[in-house]
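Listing of run.tsv; format and content: TSV, C-alpha atoms.
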chain	number	residue	atom	x	y	z
A	3	MET	CA	0.00	0.00	0.00
A	4	SER	CA	1.38	3.42	-0.90
A	5	ILE	CA	1.42	6.27	1.57
A	6	VAL	CA	-0.45	9.17	0.02
A	7	SER	CA	-0.98	12.77	1.06
A	8	TYR	CA	-3.89	14.97	0.18
A	9	THR	CA	-1.85	18.10	-0.46
A	10	GLU	CA	-4.70	20.16	-1.86
A	11	THR	CA	-7.07	19.52	1.06
A	12	MET	CA	-4.59	20.05	3.88
A	13	ASP	CA	-5.04	23.07	6.11
A	14	TYR	CA	-2.39	25.63	5.23
A	15	SER	CA	-4.01	28.55	7.05
A	16	TYR	CA	-1.39	28.42	9.81
A	17	ASP	CA	-3.47	30.48	12.21
A	18	LYS	CA	-3.17	27.95	15.04
A	19	LEU	CA	0.52	28.01	15.86
A	20	SER	CA	1.43	27.19	19.44
A	21	MET	CA	5.22	27.61	19.21
A	22	PHE	CA	7.30	30.38	17.70
A	23	THR	CA	11.09	30.14	17.62
A	24	ILE	CA	12.71	33.52	17.02
A	25	GLU	CA	16.30	33.70	15.79
A	26	ILE	CA	17.15	36.86	17.66
A	27	THR	CA	20.74	36.86	16.38
A	28	GLN	CA	23.16	34.94	14.17
A	29	GLN	CA	26.07	36.09	16.35
A	30	CYS	CA	27.70	33.70	18.78
A	31	ASN	CA	30.42	34.07	21.41
A	32	LEU	CA	31.42	30.38	21.12
A	33	ARG	CA	32.67	28.35	18.17
A	34	CYS	CA	31.39	24.87	18.97
A	35	LYS	CA	33.03	22.38	16.63
A	36	TYR	CA	29.85	20.46	15.84
A	37	CYS	CA	27.60	23.50	15.36
A	38	ILE	CA	25.62	23.47	12.10
A	39	TYR	CA	26.41	27.20	11.84
A	40	SER	CA	30.15	26.60	12.00
A	41	GLY	CA	30.48	27.11	8.25
A	42	LYS	CA	31.26	23.42	7.75
A	43	TYR	CA	27.72	22.32	6.87
A	44	GLU	CA	26.26	22.81	3.40
A	45	LYS	CA	23.22	25.08	2.97
A	46	ARG	CA	23.60	26.48	6.51
A	47	ARG	CA	24.52	30.07	7.21
A	48	PRO	CA	27.77	30.66	9.13
A	49	HIS	CA	28.10	32.80	12.26
A	50	ASN	CA	27.82	36.49	11.37
A	51	GLU	CA	26.78	39.87	12.77
A	52	GLN	CA	23.12	39.68	11.66
A	53	SER	CA	20.58	40.30	14.42
A	54	PHE	CA	16.83	40.79	14.43
A	55	PRO	CA	16.20	44.43	13.43
A	56	SER	CA	14.55	46.65	16.03
A	57	ASP	CA	12.30	48.19	13.38
A	58	ALA	CA	10.97	44.72	12.48
A	59	ILE	CA	9.71	44.00	16.01
A	60	PRO	CA	6.22	45.48	15.33
A	61	SER	CA	5.86	43.15	12.31
A	62	LEU	CA	6.96	40.23	14.48
A	63	ILE	CA	4.39	41.04	17.16
A	64	ASN	CA	1.62	41.40	14.57
A	65	PHE	CA	2.60	38.11	12.94
A	66	ILE	CA	2.46	36.23	16.23
A	67	ALA	CA	-0.84	37.86	17.17
A	68	SER	CA	-2.34	36.86	13.80
A	69	HIS	CA	-1.12	33.27	13.74
A	70	ALA	CA	-1.13	32.14	17.38
A	71	ASP	CA	-3.74	29.56	18.33
A	72	LYS	CA	-6.39	31.46	20.25
A	73	SER	CA	-7.65	28.24	21.82
A	74	ALA	CA	-4.23	27.10	23.08
A	75	PRO	CA	-3.76	27.35	26.86
A	76	VAL	CA	-0.14	28.50	26.35
A	77	ILE	CA	1.86	29.91	23.44
A	78	THR	CA	5.56	29.09	23.65
A	79	ILE	CA	8.12	31.64	22.46
A	80	CYS	CA	11.73	30.42	22.12
A	81	PHE	CA	14.60	32.88	21.62
A	82	TYR	CA	17.31	31.27	19.54
A	83	GLY	CA	20.73	32.14	18.13
A	84	GLY	CA	23.66	32.22	17.78
A	85	GLU	CA	23.81	33.16	21.40
A	86	ALA	CA	20.44	34.69	22.21
A	87	LEU	CA	21.63	36.63	25.28
A	88	LEU	CA	23.85	38.77	23.04
A	89	GLN	CA	20.58	40.54	22.18
A	90	LYS	CA	19.07	40.66	25.66
A	91	ASP	CA	17.66	44.18	25.16
A	92	LYS	CA	15.64	43.06	22.13
A	93	ILE	CA	14.40	39.98	23.97
A	94	GLN	CA	13.21	42.24	26.79
A	95	LYS	CA	11.39	44.49	24.33
A	96	ILE	CA	9.70	41.59	22.52
A	97	ILE	CA	8.57	40.01	25.80
A	98	ALA	CA	7.10	43.33	26.95
A	99	GLU	CA	5.23	43.76	23.66
A	100	LEU	CA	3.90	40.20	23.63
A	101	ASP	CA	2.74	40.42	27.24
A	102	SER	CA	0.30	43.13	26.14
A	103	LEU	CA	-1.51	40.65	23.86
A	104	ASN	CA	-4.45	38.53	24.93
A	105	PHE	CA	-2.49	35.26	25.17
A	106	THR	CA	-0.70	33.32	27.88
A	107	PHE	CA	2.96	33.10	26.89
A	108	GLU	CA	5.84	31.00	28.15
A	109	PHE	CA	9.29	32.23	27.12
A	110	THR	CA	12.50	30.24	26.78
A	111	ILE	CA	16.00	31.49	25.98
A	112	SER	CA	18.43	29.09	24.32
A	113	SER	CA	21.88	29.90	25.71
A	114	ASN	CA	25.38	28.52	26.11
A	115	GLY	CA	25.44	29.97	29.65
A	116	VAL	CA	28.48	32.21	29.16
A	117	LEU	CA	26.56	35.50	29.59
A	118	LEU	CA	24.67	34.65	32.78
A	119	SER	CA	25.89	37.69	34.70
A	120	GLU	CA	24.30	38.81	37.96
A	121	GLU	CA	22.30	41.44	36.09
A	122	THR	CA	21.04	38.92	33.54
A	123	ILE	CA	20.15	36.38	36.23
A	124	ASP	CA	18.23	39.07	38.13
A	125	TRP	CA	16.30	39.94	34.99
A	126	ILE	CA	15.47	36.30	34.16
A	127	CYS	CA	14.13	35.75	37.66
A	128	SER	CA	12.08	38.97	37.50
A	129	GLU	CA	10.11	37.71	34.49
A	130	PRO	CA	7.34	35.39	35.72
A	131	ASN	CA	7.21	33.13	32.64
A	132	LEU	CA	10.82	32.99	31.48
A	133	LYS	CA	13.17	29.99	31.46
A	134	VAL	CA	16.69	29.48	30.16
A	135	THR	CA	17.93	26.32	28.41
A	136	ILE	CA	21.67	25.67	28.61
A	137	THR	CA	23.78	23.05	26.85
A	138	ILE	CA	26.24	21.02	28.92
A	139	ASP	CA	27.90	18.14	27.09
A	140	GLY	CA	29.55	16.38	30.02
A	141	ASP	CA	32.49	16.93	32.34
A	142	LYS	CA	35.13	19.56	31.70
A	143	LEU	CA	37.20	17.35	29.39
A	144	ILE	CA	34.25	16.34	27.21
A	145	HIS	CA	32.50	19.72	27.21
A	146	ASP	CA	35.67	21.65	26.41
A	147	ALA	CA	36.55	19.33	23.54
A	148	ASN	CA	33.83	20.99	21.43
A	149	ARG	CA	32.24	23.97	23.17
A	150	ILE	CA	35.03	26.50	22.83
A	151	PHE	CA	35.60	30.24	22.56
A	152	PRO	CA	37.05	31.66	19.31
A	153	SER	CA	40.43	31.56	21.07
A	154	GLY	CA	40.12	27.78	21.42
A	155	LYS	CA	39.68	27.90	25.19
A	156	GLY	CA	36.92	25.73	26.65
A	157	SER	CA	33.77	27.26	28.17
A	158	PHE	CA	33.06	24.73	30.96
A	159	ASP	CA	34.52	26.69	33.88
A	160	VAL	CA	32.78	29.93	32.89
A	161	VAL	CA	29.40	28.23	32.52
A	162	MET	CA	29.68	26.38	35.84
A	163	LYS	CA	30.71	29.56	37.63
A	164	ASN	CA	27.60	31.29	36.26
A	165	LEU	CA	25.32	28.40	37.18
A	166	ARG	CA	26.72	28.41	40.70
A	167	ARG	CA	26.00	32.13	40.92
A	168	PHE	CA	22.44	31.55	39.70
A	169	LYS	CA	21.77	28.84	42.28
A	170	GLU	CA	23.27	30.85	45.14
A	171	ARG	CA	21.27	34.00	44.31
A	172	TYR	CA	17.99	32.32	43.44
A	173	PRO	CA	17.90	28.68	44.64
A	174	ARG	CA	14.18	28.21	44.05
A	175	GLU	CA	14.22	29.91	40.64
A	176	TYR	CA	17.25	27.86	39.67
A	177	GLU	CA	15.20	24.72	40.25
A	178	ASP	CA	12.23	26.09	38.30
A	179	ARG	CA	13.78	28.22	35.56
A	180	VAL	CA	16.95	26.42	34.42
A	181	GLN	CA	16.86	23.40	32.13
A	182	PHE	CA	19.56	21.61	30.21
A	183	LEU	CA	20.37	20.04	26.87
A	184	SER	CA	23.31	17.82	26.04
A	185	THR	CA	25.03	16.78	22.81
A	186	VAL	CA	27.00	13.56	22.59
A	187	GLU	CA	29.05	12.11	19.76
A	188	SER	CA	27.11	8.84	19.99
A	189	ILE	CA	24.86	6.92	22.34
A	190	THR	CA	27.93	5.08	23.67
A	191	TYR	CA	28.84	8.19	25.69
A	192	LEU	CA	25.66	7.98	27.81
A	193	PRO	CA	27.05	5.99	30.78
A	194	GLU	CA	29.85	8.51	31.26
A	195	LEU	CA	27.42	11.42	30.89
A	196	SER	CA	24.99	9.82	33.34
A	197	THR	CA	27.66	9.29	36.01
A	198	PHE	CA	28.95	12.84	35.67
A	199	TRP	CA	25.47	14.35	35.84
A	200	ALA	CA	24.37	12.37	38.89
A	201	GLN	CA	27.46	13.39	40.86
A	202	HIS	CA	27.50	17.11	40.04
A	203	PRO	CA	25.76	19.28	42.69
A	204	LEU	CA	24.55	21.85	40.13
A	205	LEU	CA	23.13	19.25	37.75
A	206	ALA	CA	21.95	16.21	39.69
A	207	SER	CA	18.37	17.46	40.07
A	208	HIS	CA	18.24	18.78	36.48
A	209	ARG	CA	18.69	15.91	34.07
A	210	PRO	CA	18.75	17.03	30.41
A	211	ILE	CA	15.37	17.51	28.82
A	212	HIS	CA	16.89	16.32	25.55
A	213	ILE	CA	20.11	14.60	24.48
A	214	SER	CA	21.17	14.97	20.86
A	215	THR	CA	23.80	13.22	18.80
A	216	ILE	CA	25.95	15.26	16.45
A	217	LEU	CA	24.30	15.87	13.08
A	218	PRO	CA	26.12	14.01	10.29
A	219	ASN	CA	28.12	16.29	8.01
A	220	PHE	CA	27.42	14.75	4.62
A	221	SER	CA	29.93	17.01	2.85
A	222	LYS	CA	32.50	14.57	4.26
A	223	GLY	CA	30.72	11.60	2.67
A	224	ILE	CA	27.84	9.25	3.50
A	225	LEU	CA	28.23	7.52	6.81
A	226	SER	CA	27.48	3.88	7.44
A	227	ASN	CA	25.92	1.96	10.31
A	228	PRO	CA	28.50	-0.80	10.93
A	229	ALA	CA	27.59	-3.87	12.95
A	230	SER	CA	30.28	-2.98	15.48
A	231	GLN	CA	28.49	0.28	16.28
A	232	LEU	CA	25.21	-1.60	16.78
A	233	ARG	CA	26.92	-4.01	19.19
A	234	LYS	CA	28.17	-1.06	21.22
A	235	GLN	CA	24.68	0.44	21.27
A	236	LEU	CA	23.18	-2.85	22.43
A	237	ALA	CA	25.63	-2.96	25.33
A	238	ILE	CA	24.60	0.57	26.37
A	239	TYR	CA	20.89	-0.13	26.11
A	240	ASP	CA	21.29	-3.38	28.05
A	241	MET	CA	22.82	-1.32	30.86
A	242	ALA	CA	19.98	1.20	30.58
A	243	MET	CA	17.35	-1.55	30.78
A	244	VAL	CA	18.89	-3.01	33.94
A	245	SER	CA	18.85	0.43	35.52
A	246	TYR	CA	15.26	0.94	34.35
A	247	LEU	CA	14.07	-2.37	35.82
A	248	ARG	CA	15.71	-1.48	39.14
A	249	GLY	CA	13.55	1.64	39.26
A	250	GLU	CA	16.54	3.99	39.16
A	251	GLU	CA	16.22	7.54	37.87
A	252	ASN	CA	19.14	8.76	35.83
A	253	ILE	CA	20.12	9.69	32.28
A	254	MET	CA	20.32	6.02	31.30
A	255	THR	CA	16.75	5.30	32.40
A	256	ASP	CA	15.58	8.53	30.73
A	257	GLU	CA	17.03	7.21	27.48
A	258	MET	CA	15.32	3.85	27.96
A	259	ASN	CA	12.02	5.64	28.58
A	260	ARG	CA	12.51	7.56	25.33
A	261	MET	CA	13.36	4.32	23.55
A	262	ILE	CA	10.31	2.32	24.65
A	263	GLY	CA	8.19	5.46	24.24
A	264	ILE	CA	8.59	5.05	20.47
A	265	ILE	CA	6.35	2.00	20.82
A	266	GLU	CA	4.34	2.89	23.91
A	267	HIS	CA	3.26	6.32	22.66
A	268	ARG	CA	2.99	5.57	18.98
A	269	GLU	CA	0.29	7.28	16.97
A	270	PHE	CA	-2.47	5.16	15.48
A	271	PHE	CA	-3.61	6.21	12.01
A	272	GLU	CA	-4.94	4.91	8.74
A	273	LEU	CA	-2.19	5.05	6.14
A	274	HIS	CA	-4.48	5.81	3.23
A	275	ASN	CA	-6.00	9.08	4.38
A	276	LYS	CA	-4.64	10.47	7.63
A	277	GLN	CA	-0.88	10.67	7.22
A	278	LYS	CA	0.30	14.29	7.15
A	279	PHE	CA	3.79	15.27	6.14
A	280	ILE	CA	4.17	18.96	6.91
A	281	THR	CA	4.98	18.10	10.46
A	282	CYS	CA	7.73	18.38	13.01
A	283	CYS	CA	8.41	17.48	16.63
A	284	HIS	CA	6.27	20.32	17.97
A	285	SER	CA	2.54	19.90	18.37
A	286	PRO	CA	0.35	20.98	16.78
A	287	TYR	CA	2.36	23.44	14.65
A	288	SER	CA	5.44	25.62	15.02
A	289	CYS	CA	7.16	28.39	13.12
A	290	PHE	CA	10.80	29.46	12.97
A	291	ILE	CA	11.40	33.16	12.29
A	292	THR	CA	14.94	34.10	11.29
A	293	SER	CA	16.72	37.34	12.11
A	294	THR	CA	16.24	38.33	8.44
A	295	GLY	CA	12.47	37.79	8.67
A	296	GLN	CA	12.30	34.48	6.76
A	297	LEU	CA	9.79	31.86	7.88
A	298	TYR	CA	10.40	28.12	8.19
A	299	VAL	CA	8.24	25.30	9.55
A	300	CYS	CA	10.94	24.78	12.19
A	301	GLU	CA	14.60	25.63	12.78
A	302	LYS	CA	15.76	22.29	11.38
A	303	PHE	CA	14.98	23.22	7.77
A	304	ASN	CA	17.92	24.52	5.77
A	305	SER	CA	18.08	27.85	3.92
A	306	GLU	CA	16.51	26.46	0.72
A	307	ASN	CA	13.20	25.62	2.40
A	308	SER	CA	11.80	28.97	3.49
A	309	VAL	CA	7.99	29.08	3.51
A	310	GLY	CA	7.50	32.84	3.55
A	311	ASN	CA	8.54	36.01	5.35
A	312	LEU	CA	7.24	38.41	7.98
A	313	ASP	CA	6.18	41.02	5.43
A	314	CYS	CA	4.11	38.74	3.17
A	315	GLY	CA	3.28	35.87	5.50
A	316	PHE	CA	3.29	32.19	4.56
A	317	ASP	CA	3.91	31.17	0.96
A	318	ILE	CA	1.35	28.43	0.37
A	319	THR	CA	3.11	27.36	-2.84
A	320	ALA	CA	6.36	26.79	-0.91
A	321	LEU	CA	4.53	24.81	1.77
A	322	LYS	CA	2.87	22.59	-0.81
A	323	LYS	CA	6.20	22.09	-2.60
A	324	ILE	CA	7.84	20.75	0.57
A	325	ASN	CA	4.85	18.54	1.22
A	326	THR	CA	4.87	17.20	-2.35
A	327	ILE	CA	8.61	16.41	-2.33
A	328	PHE	CA	8.34	14.64	1.01
A	329	THR	CA	5.23	12.71	-0.07
A	330	LYS	CA	6.97	11.47	-3.21
A	331	ARG	CA	9.90	10.27	-1.14
A	332	LYS	CA	7.60	8.50	1.29
A	333	ASN	CA	5.75	6.84	-1.60
A	334	SER	CA	8.92	5.65	-3.27
A	335	HIS	CA	10.84	4.57	-0.15
A	336	CYS	CA	8.32	3.78	2.56
A	337	SER	CA	5.30	2.05	1.06
A	338	THR	CA	6.80	-1.44	1.53
A	339	CYS	CA	8.82	-0.70	4.67
A	340	TRP	CA	7.86	-2.72	7.75
A	341	ALA	CA	8.55	0.27	10.01
A	342	LYS	CA	6.32	2.83	8.27
A	343	ARG	CA	3.75	2.98	11.06
A	344	LEU	CA	6.41	3.72	13.66
A	345	CYS	CA	8.72	5.91	11.58
A	346	ARG	CA	9.39	9.39	12.99
A	347	ILE	CA	11.20	10.83	9.97
A	348	CYS	CA	9.63	14.19	9.24
A	349	ALA	CA	9.59	16.69	6.38
A	350	THR	CA	12.93	18.18	7.40
A	351	ASN	CA	14.47	15.36	5.40
A	352	VAL	CA	13.79	17.36	2.23
A	353	ASN	CA	17.02	19.08	3.31
A	354	HIS	CA	18.90	16.01	2.11
A	355	SER	CA	19.64	14.11	-1.06
A	356	ILE	CA	18.07	10.71	-1.69
A	357	SER	CA	21.20	8.87	-0.52
A	358	GLU	CA	21.28	10.99	2.65
A	359	PHE	CA	17.56	10.38	3.15
A	360	GLU	CA	18.24	6.63	2.92
A	361	PHE	CA	20.94	6.98	5.58
A	362	PHE	CA	18.37	8.45	7.97
A	363	CYS	CA	15.90	5.70	6.97
A	364	ASN	CA	18.41	3.01	7.89
A	365	ARG	CA	19.20	4.70	11.19
A	366	GLU	CA	15.51	5.09	12.03
A	367	ARG	CA	14.76	1.43	11.25
A	368	GLN	CA	17.63	0.40	13.49
A	369	LYS	CA	16.27	2.58	16.30
A	370	ILE	CA	12.77	1.13	15.89
A	371	GLN	CA	14.17	-2.42	15.99
A	372	LEU	CA	15.86	-1.62	19.27
A	373	ALA	CA	12.70	0.01	20.59
A	374	LEU	CA	10.65	-3.08	19.79
A	375	LYS	CA	13.27	-5.36	21.37
A	376	TYR	CA	13.43	-3.49	24.67
A	377	TYR	CA	9.71	-2.73	24.84
A	378	CYS	CA	8.92	-6.45	24.50
A	379	GLU	CA	11.62	-7.53	26.96
A	380	ILE	CA	10.40	-5.05	29.56
A	381	GLN	CA	6.77	-6.15	29.10
A	382	GLU	CA	7.81	-9.80	29.53
A	383	TYR	CA	9.75	-8.95	32.68
A	384	LYS	CA	6.79	-7.07	34.15
A	385	HIS	CA	4.46	-9.96	33.32
A	386	LYS	CA	6.74	-12.49	35.02
A	387	THR	CA	7.20	-10.41	38.16
A	388	ASN	CA	3.50	-9.50	38.65
I'd like the structure from this file rewritten - as structure tokens, please.
Amino acid sequence: MSIVSYTETMDYSYDKLSMFTIEITQQCNLRCKYCIYSGKYEKRRPHNEQSFPSDAIPSLINFIASHADKSAPVITICFYGGEALLQKDKIQKIIAELDSLNFTFEFTISSNGVLLSEETIDWICSEPNLKVTITIDGDKLIHDANRIFPSGKGSFDVVMKNLRRFKERYPREYEDRVQFLSTVESITYLPELSTFWAQHPLLASHRPIHISTILPNFSKGILSNPASQLRKQLAIYDMAMVSYLRGEENIMTDEMNRMIGIIEHREFFELHNKQKFITCCHSPYSCFITSTGQLYVCEKFNSENSVGNLDCGFDITALKKINTIFTKRKNSHCSTCWAKRLCRICATNVNHSISEFEFFCNRERQKIQLALKYYCEIQEYKHKTN
């Protein structure tokens, strides 16, 4: 059975957005080696001096007011970079303008943590609905291997000093307002990351809300999924399952929960008429607004896949084009695939060539196989012990 998409009947009104990600600047005070804006990734802009223009803020506010879901209990606004705190004054102005609208907003700043001065911490804690998300990749040695200043010096000590200041000044707000991300080279680094996190006094109660692996750089060639890598992954997930079955709470069990969640929380749908392809990881819809005023479905799309701009709004033709390309790929590659009902590959894969798309397909099938394995093993264990 082929997967089809009813492009012409889909709702492209985009007046029910619940998440807006605003690229407040393309500047950054770090030069992380794996960053997609490092200049090493094709079709991705490099770090530069571009920031969101002050005179475009009224257009931004009007756009959000026109497209936000009026029935949503909360509208999420994420400030993104570069390093978002380099443009703190503009963030403050946008928050003040949005707070005058008839919506409930939650604001998040994506930051590397370097600019968390006393003044900035005071301001963050003075805003009732503002959080900050900071990336920590592991201990000093691991973190400083990639997250470096332009001079080449690592950022770990500076970030930890700032986090310590935050917790000392505002212990309750630190618990409520600070959240973390982490980037690892591969899943095999999880045990080391988990041990470090559990033992660090600033981090132990704040496990990462998301752990990413480094995005493949296809300009260096197509990667493979060797059997040796799978064996290493199995060893890690076996450790995570043991920890999960013991009822422990740590990064390893978080990863196992995410793994079995692929099966446990899968969506049920009819393949012939309900599969939608203009989709992403945010629900129900999101929009990424660049510092030059370009619109994207989310920040993961590359520069070739803009779907409009702040001045003219969404370009329905561009949206349909992305949907059509993705639908054709799904028809040609997925109609006979055993994993199609569990597959989480989204429309951002139009960023990639067919061979690159197939790489992600293979990786996703491997992940689903592991998810099925551990989901079934855990269910069997629970059945035997009840």
Next item on the list: Excluding Ile380 of chain A and any residue of its chain fewer than 5 positions from it, enumerate the residues within 9 Å of it, using only C-alpha atoms, and give them as JSON, numbers by chain.
Entry: {"A": [243, 247, 262, 375, 385]}
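Using only C-alpha atoms, the shortest contact distance between His354 of chain A and any of A:Gln231, A:Asn219, A:Thr110, A:Thr255 is found at A:Asn219.
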Next item on the list: Would you mind telling me which residue in A:Phe81, A:Tyr176, A:Phe303, A:Phe107 lies nearest to Thr27 of chain A when using only C-alpha atoms?
Entry: A:Phe81
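Minimum atom-to-atom distances from A:Pro55, A:Pro173, A:Gly154, A:Pro218 to Tyr36 of chain A were compared using all atoms listed in the file, and the lowest value belongs to A:Pro218.
Remark: for Met21 of chain A, the closest of the candidate residues A:Asp240, A:Asp71, A:Glu360, A:Asp91 is A:Asp71 (distances computed over all atoms listed in the file).
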Contacts of Phe65 of chain A at 9 Å or less, counting all atoms listed in the file, minus same-chain residues fewer than 5 places along, as a PDB file with C-alpha atoms, keeping the file's coordinate frame?
ATOM      1  CA  PRO A  60       6.220  45.480  15.330  1.00  0.00           C
ATOM      2  CA  ALA A  70      -1.130  32.140  17.380  1.00  0.00           C
ATOM      3  CA  LEU A 312       7.240  38.410   7.980  1.00  0.00           C
ATOM      4  CA  ASP A 313       6.180  41.020   5.430  1.00  0.00           C
ATOM      5  CA  GLY A 315       3.280  35.870   5.500  1.00  0.00           C
TER       6      GLY A 315
END
Next item on the list: Just the residues within 12 Å of Ala320 of chain A, please, counting all atoms listed in the file, with nothing from its chain fewer than 4 positions along; format it as number ranges by chain.
Entry: A: 9, 14, 280, 297-299, 306-311, 315-316, 324-327
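Comparing the minimum interatomic distances between Asp17 of chain A and each of A:Thr122, A:Asn252, A:Asn164, A:Ser288, counting only C-alpha atoms, we find that A:Ser288 sits nearest.
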Checklist line | Selection: 9 Å around Ser20 of chain A, all atoms listed in the file, excl. self and same-chain fewer than 3 positions, as JSON, numbers by chain | finding: {"A": [69, 70, 71, 72, 74, 76, 77, 78, 79, 284, 285, 286, 287, 288, 289]}
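The two atoms in question, atom CA of Asn31 of chain A and atom CA of Gly115 of chain A, are spaced 10.5 Å apart.
In this structure, atom CA of Tyr16 of chain A sits 24.0 Å away from atom CA of Phe270 of chain A.
When atom CA of Leu143 of chain A is paired with atom CA of Ile238 of chain A, their separation reads 21.2 Å.
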Your completed segment 372-378 of chain A with all heavy atoms, as a compact mmCIF listing (two decimals), in the coordinates of the input:
# COMPACT_ATOMS: atom_id res chain seq x y z
N LEU A 372 15.44 -1.62 17.88
CA LEU A 372 15.86 -1.62 19.27
C LEU A 372 14.69 -1.30 20.19
O LEU A 372 14.54 -1.90 21.26
CB LEU A 372 16.99 -0.60 19.48
CG LEU A 372 18.33 -0.94 18.81
CD1 LEU A 372 19.30 0.23 18.96
CD2 LEU A 372 18.94 -2.20 19.41
N ALA A 373 13.86 -0.35 19.78
CA ALA A 373 12.70 0.01 20.59
C ALA A 373 11.76 -1.17 20.77
O ALA A 373 11.26 -1.44 21.88
CB ALA A 373 11.96 1.19 19.95
N LEU A 374 11.51 -1.89 19.70
CA LEU A 374 10.65 -3.08 19.79
C LEU A 374 11.27 -4.14 20.70
O LEU A 374 10.57 -4.77 21.51
CB LEU A 374 10.43 -3.66 18.38
CG LEU A 374 9.49 -2.85 17.47
CD1 LEU A 374 9.63 -3.31 16.03
CD2 LEU A 374 8.05 -2.98 17.94
N LYS A 375 12.56 -4.36 20.55
CA LYS A 375 13.27 -5.36 21.37
C LYS A 375 13.11 -5.04 22.85
O LYS A 375 12.69 -5.90 23.64
CB LYS A 375 14.75 -5.37 20.98
CG LYS A 375 15.67 -6.08 21.97
CD LYS A 375 17.13 -5.96 21.53
CE LYS A 375 18.09 -6.29 22.65
NZ LYS A 375 17.96 -7.65 23.17
N TYR A 376 13.43 -3.81 23.25
CA TYR A 376 13.43 -3.49 24.67
C TYR A 376 12.02 -3.31 25.21
O TYR A 376 11.75 -3.65 26.38
CB TYR A 376 14.30 -2.25 24.93
CG TYR A 376 15.76 -2.58 24.76
CD1 TYR A 376 16.47 -2.18 23.63
CD2 TYR A 376 16.43 -3.35 25.71
CE1 TYR A 376 17.80 -2.52 23.46
CE2 TYR A 376 17.76 -3.70 25.54
CZ TYR A 376 18.44 -3.28 24.41
OH TYR A 376 19.76 -3.64 24.25
N TYR A 377 11.10 -2.83 24.40
CA TYR A 377 9.71 -2.73 24.84
C TYR A 377 9.17 -4.12 25.17
O TYR A 377 8.56 -4.33 26.22
CB TYR A 377 8.86 -2.08 23.74
CG TYR A 377 7.40 -2.01 24.08
CD1 TYR A 377 6.89 -1.02 24.92
CD2 TYR A 377 6.49 -2.95 23.56
CE1 TYR A 377 5.55 -0.97 25.24
CE2 TYR A 377 5.15 -2.90 23.86
CZ TYR A 377 4.69 -1.91 24.71
OH TYR A 377 3.35 -1.85 25.02
N CYS A 378 9.42 -5.09 24.28
CA CYS A 378 8.92 -6.45 24.50
C CYS A 378 9.60 -7.11 25.70
O CYS A 378 8.94 -7.78 26.52
CB CYS A 378 9.14 -7.30 23.24
SG CYS A 378 8.10 -6.81 21.85
